[in-house]
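Novice: Below you'll find the structure I mean.
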Amino acid sequence: MGNVVMETRLQALRALLKARELDAALLSLYENRRYFSGFTGSNGYLLITQEAQVLVTDRRYTQQAREQTYGVHIVEHAADRFALIAQEAARLGIGSLLVESQMPAGEYFAMQENLRGISMVLAEDVFVAMRMVKCDAEVQAIRTAVQLSQAALAEVAAQCKAGMTEKDLADELNYRVSRKGAQAMSFGTIVAAGERGALAHGTPTTRVIAPGEMVVVDFGAQWDGYCADLTRTLLFGDVPQERLAVFDLVERAFAAAVAAVKPGVTGGDVEQAHRAVFQTAGMEAYALKGLGHGIGLEIHEHPRIVIGNQQVLQPGMVFTIEPGLYLPGRFGVRTEDDVLVTAQGVENLCSLPHRIAIA
Ligand SMILES: [Mn+2]
């Protein structure tokens with residue numbers, strides 16, 4: 001992300017600090033640090049005041065931090081990073097500090113010990129809320145992540161066959177995503193064959209895929225830090241008609257959910273649109289309570305597209321739509337695409353066919 005994007009984000013954070021009458025924010029979560037400074041090291045504490053940005057990190061990352069950030073003063077810590085953060089906070093005249101709700105308890109107590117006289121205020125959902133609406137550059141990064149993911153799965157689908165194991169399929173997919181230029185997978189690839197498909201998040205095993213089985217494949221590439229998240233239920237050979245009927249029902253739920261997406265409706269409204277399809281078919285008992293989640297620098301962000309969610313959708317939000325039906329001990333079906341809320345309604349960022357037959 002360029003300097004203009006970073007500047008816009010900083011301005012929004014500074015306006016928020018001002019409105020809440022707080023002197024500074026302290027960011028240590030990887031995604032928040034990256035979002036507000038561009039720094040991608042695994043260790044760092046970013047202090048942001050109205051005038052200054054200070055990053056406290058260790059010697060492994062000082063050079064990298066200089067290269068990745070703009071307008072950030074970099075301070076190298078040795079053993080006691082908390083004492084150094086306290087020193088910087090004192091130098092900057094900080095009396096109150098917004099801290100992330102994900103801060104580990106151990107760090108919180110260490111900060112409290114060191115930052116005497118500074119009041120720490122819990123940010124709760126502040127940072128996830130700021131990251132919820134994506135700018136054009138972020139949407140572009142997600143589009144690229146989706147394209148890499150789709151191209152990789154299309155190649156794997158063209159070559160895989162019954163007799164492979166779940167793990168064979170996952171390894172092949174991960175390799176191809178990487179070869180296409182992705183920096184990483186968004187999360188550990190899920191491949192769940194036959195009755196294992198009823199486990200919503202089955203990790204790949206050495207179980208062999210048999211002809212006539214459905215195989216749930218859930219994965220995604222990361223591009224410029226941004227995550228894609230796609231699921232296809234691959235149809236190996238002659239899948240029994242009863243199972244194909246369940247597949248079609250999930251497709252109808254997917255279509256109903258996408259049709260419900262537009263600015264002004266809530267996450268809960270979209271979830272209900274898909275649930276209604278399952279209710280009518282008498283299959284609701286086999287569905288989960290959620291339909292999707294925001295994606296961005298993290299694989300699970302806001303908005304949450306879950307039962308009763310009151311978050312109002314706005315243009316620029318990007319989230320998954322992933323209806324599924326899970327029949328314990330028998331089989332499972334899930335289809336997942338990533339969608340963008342637009343001023344007019346919705347754009348599906350994915351174009352890979354949902355129904356993929358493996359000969
Ligand atoms: Mn997902």
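Ligands are numbered from 1 in the order shown, chains are lettered A, B, ... in the order of the structure tokens, and residues start at 1 in each chain.
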Write out as a PDB file with all heavy atoms, in the first residue's frame each polymer residue (protein, DNA or RNA) that has an atom no more than 7 Å from ligand 1, with only C-alpha atoms and all ligand atoms counted.
Specialist:
```pdb
ATOM      1  N   ASP A 229     -10.418 -16.407   0.194  1.00  0.00           N
ATOM      2  CA  ASP A 229     -10.981 -17.557   0.911  1.00  0.00           C
ATOM      3  C   ASP A 229     -12.062 -18.171   0.022  1.00  0.00           C
ATOM      4  O   ASP A 229     -13.111 -17.566  -0.188  1.00  0.00           O
ATOM      5  CB  ASP A 229     -11.574 -17.063   2.242  1.00  0.00           C
ATOM      6  CG  ASP A 229     -11.999 -18.192   3.158  1.00  0.00           C
ATOM      7  OD1 ASP A 229     -11.808 -19.369   2.799  1.00  0.00           O
ATOM      8  OD2 ASP A 229     -12.529 -17.888   4.250  1.00  0.00           O
ATOM      9  N   LEU A 230     -11.762 -19.354  -0.533  1.00  0.00           N
ATOM     10  CA  LEU A 230     -12.690 -20.005  -1.457  1.00  0.00           C
ATOM     11  C   LEU A 230     -12.944 -21.444  -1.036  1.00  0.00           C
ATOM     12  O   LEU A 230     -12.043 -22.108  -0.522  1.00  0.00           O
ATOM     13  CB  LEU A 230     -12.089 -20.084  -2.867  1.00  0.00           C
ATOM     14  CG  LEU A 230     -12.184 -18.883  -3.799  1.00  0.00           C
ATOM     15  CD1 LEU A 230     -11.060 -17.916  -3.498  1.00  0.00           C
ATOM     16  CD2 LEU A 230     -12.095 -19.353  -5.231  1.00  0.00           C
ATOM     17  N   GLY A 292     -20.851 -16.247   6.696  1.00  0.00           N
ATOM     18  CA  GLY A 292     -19.619 -15.682   6.153  1.00  0.00           C
ATOM     19  C   GLY A 292     -18.955 -14.723   7.109  1.00  0.00           C
ATOM     20  O   GLY A 292     -19.425 -14.515   8.228  1.00  0.00           O
ATOM     21  N   HIS A 293     -17.851 -14.151   6.637  1.00  0.00           N
ATOM     22  CA  HIS A 293     -17.037 -13.261   7.464  1.00  0.00           C
ATOM     23  C   HIS A 293     -16.262 -12.317   6.571  1.00  0.00           C
ATOM     24  O   HIS A 293     -15.953 -12.657   5.421  1.00  0.00           O
ATOM     25  CB  HIS A 293     -16.059 -14.082   8.312  1.00  0.00           C
ATOM     26  CG  HIS A 293     -15.251 -15.065   7.503  1.00  0.00           C
ATOM     27  ND1 HIS A 293     -14.051 -14.717   6.922  1.00  0.00           N
ATOM     28  CD2 HIS A 293     -15.487 -16.348   7.137  1.00  0.00           C
ATOM     29  CE1 HIS A 293     -13.580 -15.775   6.262  1.00  0.00           C
ATOM     30  NE2 HIS A 293     -14.429 -16.783   6.362  1.00  0.00           N
ATOM     31  N   THR A 320     -16.972 -13.188   2.822  1.00  0.00           N
ATOM     32  CA  THR A 320     -17.263 -14.470   2.196  1.00  0.00           C
ATOM     33  C   THR A 320     -18.754 -14.771   2.305  1.00  0.00           C
ATOM     34  O   THR A 320     -19.438 -14.290   3.216  1.00  0.00           O
ATOM     35  CB  THR A 320     -16.506 -15.622   2.881  1.00  0.00           C
ATOM     36  OG1 THR A 320     -17.056 -15.827   4.193  1.00  0.00           O
ATOM     37  CG2 THR A 320     -15.023 -15.332   3.010  1.00  0.00           C
ATOM     38  N   GLU A 322     -20.524 -18.402   2.380  1.00  0.00           N
ATOM     39  CA  GLU A 322     -20.140 -19.813   2.366  1.00  0.00           C
ATOM     40  C   GLU A 322     -21.186 -20.714   3.018  1.00  0.00           C
ATOM     41  O   GLU A 322     -20.965 -21.263   4.088  1.00  0.00           O
ATOM     42  CB  GLU A 322     -18.766 -20.015   3.011  1.00  0.00           C
ATOM     43  CG  GLU A 322     -18.532 -19.284   4.327  1.00  0.00           C
ATOM     44  CD  GLU A 322     -17.124 -19.542   4.867  1.00  0.00           C
ATOM     45  OE1 GLU A 322     -16.695 -20.707   4.873  1.00  0.00           O
ATOM     46  OE2 GLU A 322     -16.460 -18.586   5.283  1.00  0.00           O
ATOM     47  N   GLU A 336     -18.091 -21.503  -1.429  1.00  0.00           N
ATOM     48  CA  GLU A 336     -17.702 -20.201  -0.861  1.00  0.00           C
ATOM     49  C   GLU A 336     -17.065 -19.302  -1.911  1.00  0.00           C
ATOM     50  O   GLU A 336     -16.101 -19.688  -2.562  1.00  0.00           O
ATOM     51  CB  GLU A 336     -16.694 -20.419   0.275  1.00  0.00           C
ATOM     52  CG  GLU A 336     -16.111 -19.136   0.846  1.00  0.00           C
ATOM     53  CD  GLU A 336     -15.095 -19.399   1.952  1.00  0.00           C
ATOM     54  OE1 GLU A 336     -14.397 -20.424   1.878  1.00  0.00           O
ATOM     55  OE2 GLU A 336     -15.013 -18.581   2.879  1.00  0.00           O
TER      56      GLU A 336
END
```
Novice: For A:Met1, please output as a CSV table (one decimal) with N, CA, C and O atoms, in the first residue's frame all residues within 8 Å (counting only C-alpha atoms; exclusion window: fewer than 4 positions along the same chain).
Specialist:
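Okay, this is what ended up in result.csv:
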```csv
chain,number,residue,atom,x,y,z
A,5,VAL,N,-2.3,5.9,0.9
A,5,VAL,CA,-3.2,5.0,1.6
A,5,VAL,C,-2.8,5.1,3.1
A,5,VAL,O,-3.7,5.2,3.9
A,6,MET,N,-1.6,5.0,3.4
A,6,MET,CA,-1.1,5.1,4.8
A,6,MET,C,-1.5,6.4,5.5
A,6,MET,O,-2.0,6.4,6.6
A,38,GLY,N,2.9,-0.3,7.4
A,38,GLY,CA,3.5,-1.1,6.3
A,38,GLY,C,4.5,-2.0,6.8
A,38,GLY,O,5.0,-2.9,6.1
A,137,ALA,N,-7.2,0.1,-3.4
A,137,ALA,CA,-6.0,-0.7,-3.4
A,137,ALA,C,-6.1,-2.0,-2.6
A,137,ALA,O,-5.6,-3.0,-3.1
A,138,GLU,N,-6.9,-2.0,-1.6
A,138,GLU,CA,-7.1,-3.2,-0.8
A,138,GLU,C,-8.0,-4.2,-1.6
A,138,GLU,O,-7.7,-5.4,-1.6
```
Novice: Extract, using only C-alpha atoms, all DNA, RNA and protein residues at most 7 Å from A:Met185, discarding same-chain residues fewer than 3 positions from it, and format them as a compact mmCIF listing (two decimals) with all heavy atoms, in the first residue's frame.
Specialist:
```txt
# COMPACT_ATOMS: atom_id res chain seq x y z
N GLY A 188 -4.44 -22.77 6.84
CA GLY A 188 -4.15 -24.16 6.50
C GLY A 188 -5.24 -24.73 5.60
O GLY A 188 -6.41 -24.76 5.99
N GLY A 220 -7.09 -20.54 0.33
CA GLY A 220 -6.97 -19.20 -0.23
C GLY A 220 -5.53 -18.74 -0.28
O GLY A 220 -4.72 -19.14 0.56
N ALA A 221 -5.24 -17.92 -1.28
CA ALA A 221 -3.91 -17.33 -1.42
C ALA A 221 -3.88 -15.98 -0.71
O ALA A 221 -4.91 -15.33 -0.56
CB ALA A 221 -3.59 -17.12 -2.90
N GLN A 222 -2.66 -15.58 -0.33
CA GLN A 222 -2.46 -14.24 0.23
C GLN A 222 -1.66 -13.41 -0.77
O GLN A 222 -0.65 -13.89 -1.29
CB GLN A 222 -1.65 -14.36 1.52
CG GLN A 222 -2.34 -13.76 2.72
CD GLN A 222 -1.44 -13.83 3.93
OE1 GLN A 222 -0.31 -13.39 3.91
NE2 GLN A 222 -1.96 -14.41 4.99
```
Novice: Find the residue from A:Asp171, A:Asp238, A:Asp80, A:Glu31 that sits nearest to A:Gln102; use only C-alpha atoms when measuring.
Specialist: A:Glu31
Novice: Applying 6 Å and only C-alpha atoms, which residues near A:Val333 remain after dropping the ones on its own chain fewer than 5 positions away? List them as a short mmCIF file (atom, residue, chain, number, x, y, z; two decimals) with N, CA, C and O atoms, in the first residue's frame.
Specialist:
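Saved file out-v2.cif follows:
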```
data_model
loop_
_atom_site.label_atom_id
_atom_site.label_comp_id
_atom_site.auth_asym_id
_atom_site.auth_seq_id
_atom_site.Cartn_x
_atom_site.Cartn_y
_atom_site.Cartn_z
N THR A 233 -16.82 -27.79 -3.53
CA THR A 233 -17.04 -29.19 -3.23
C THR A 233 -16.87 -29.94 -4.55
O THR A 233 -17.72 -29.83 -5.44
N GLY A 324 -23.30 -24.01 3.76
CA GLY A 324 -22.92 -25.42 3.76
C GLY A 324 -23.98 -26.26 4.45
O GLY A 324 -24.78 -25.76 5.23
N LEU A 325 -23.99 -27.53 4.10
CA LEU A 325 -24.82 -28.51 4.80
C LEU A 325 -23.92 -29.67 5.20
O LEU A 325 -23.13 -30.15 4.38
#
```
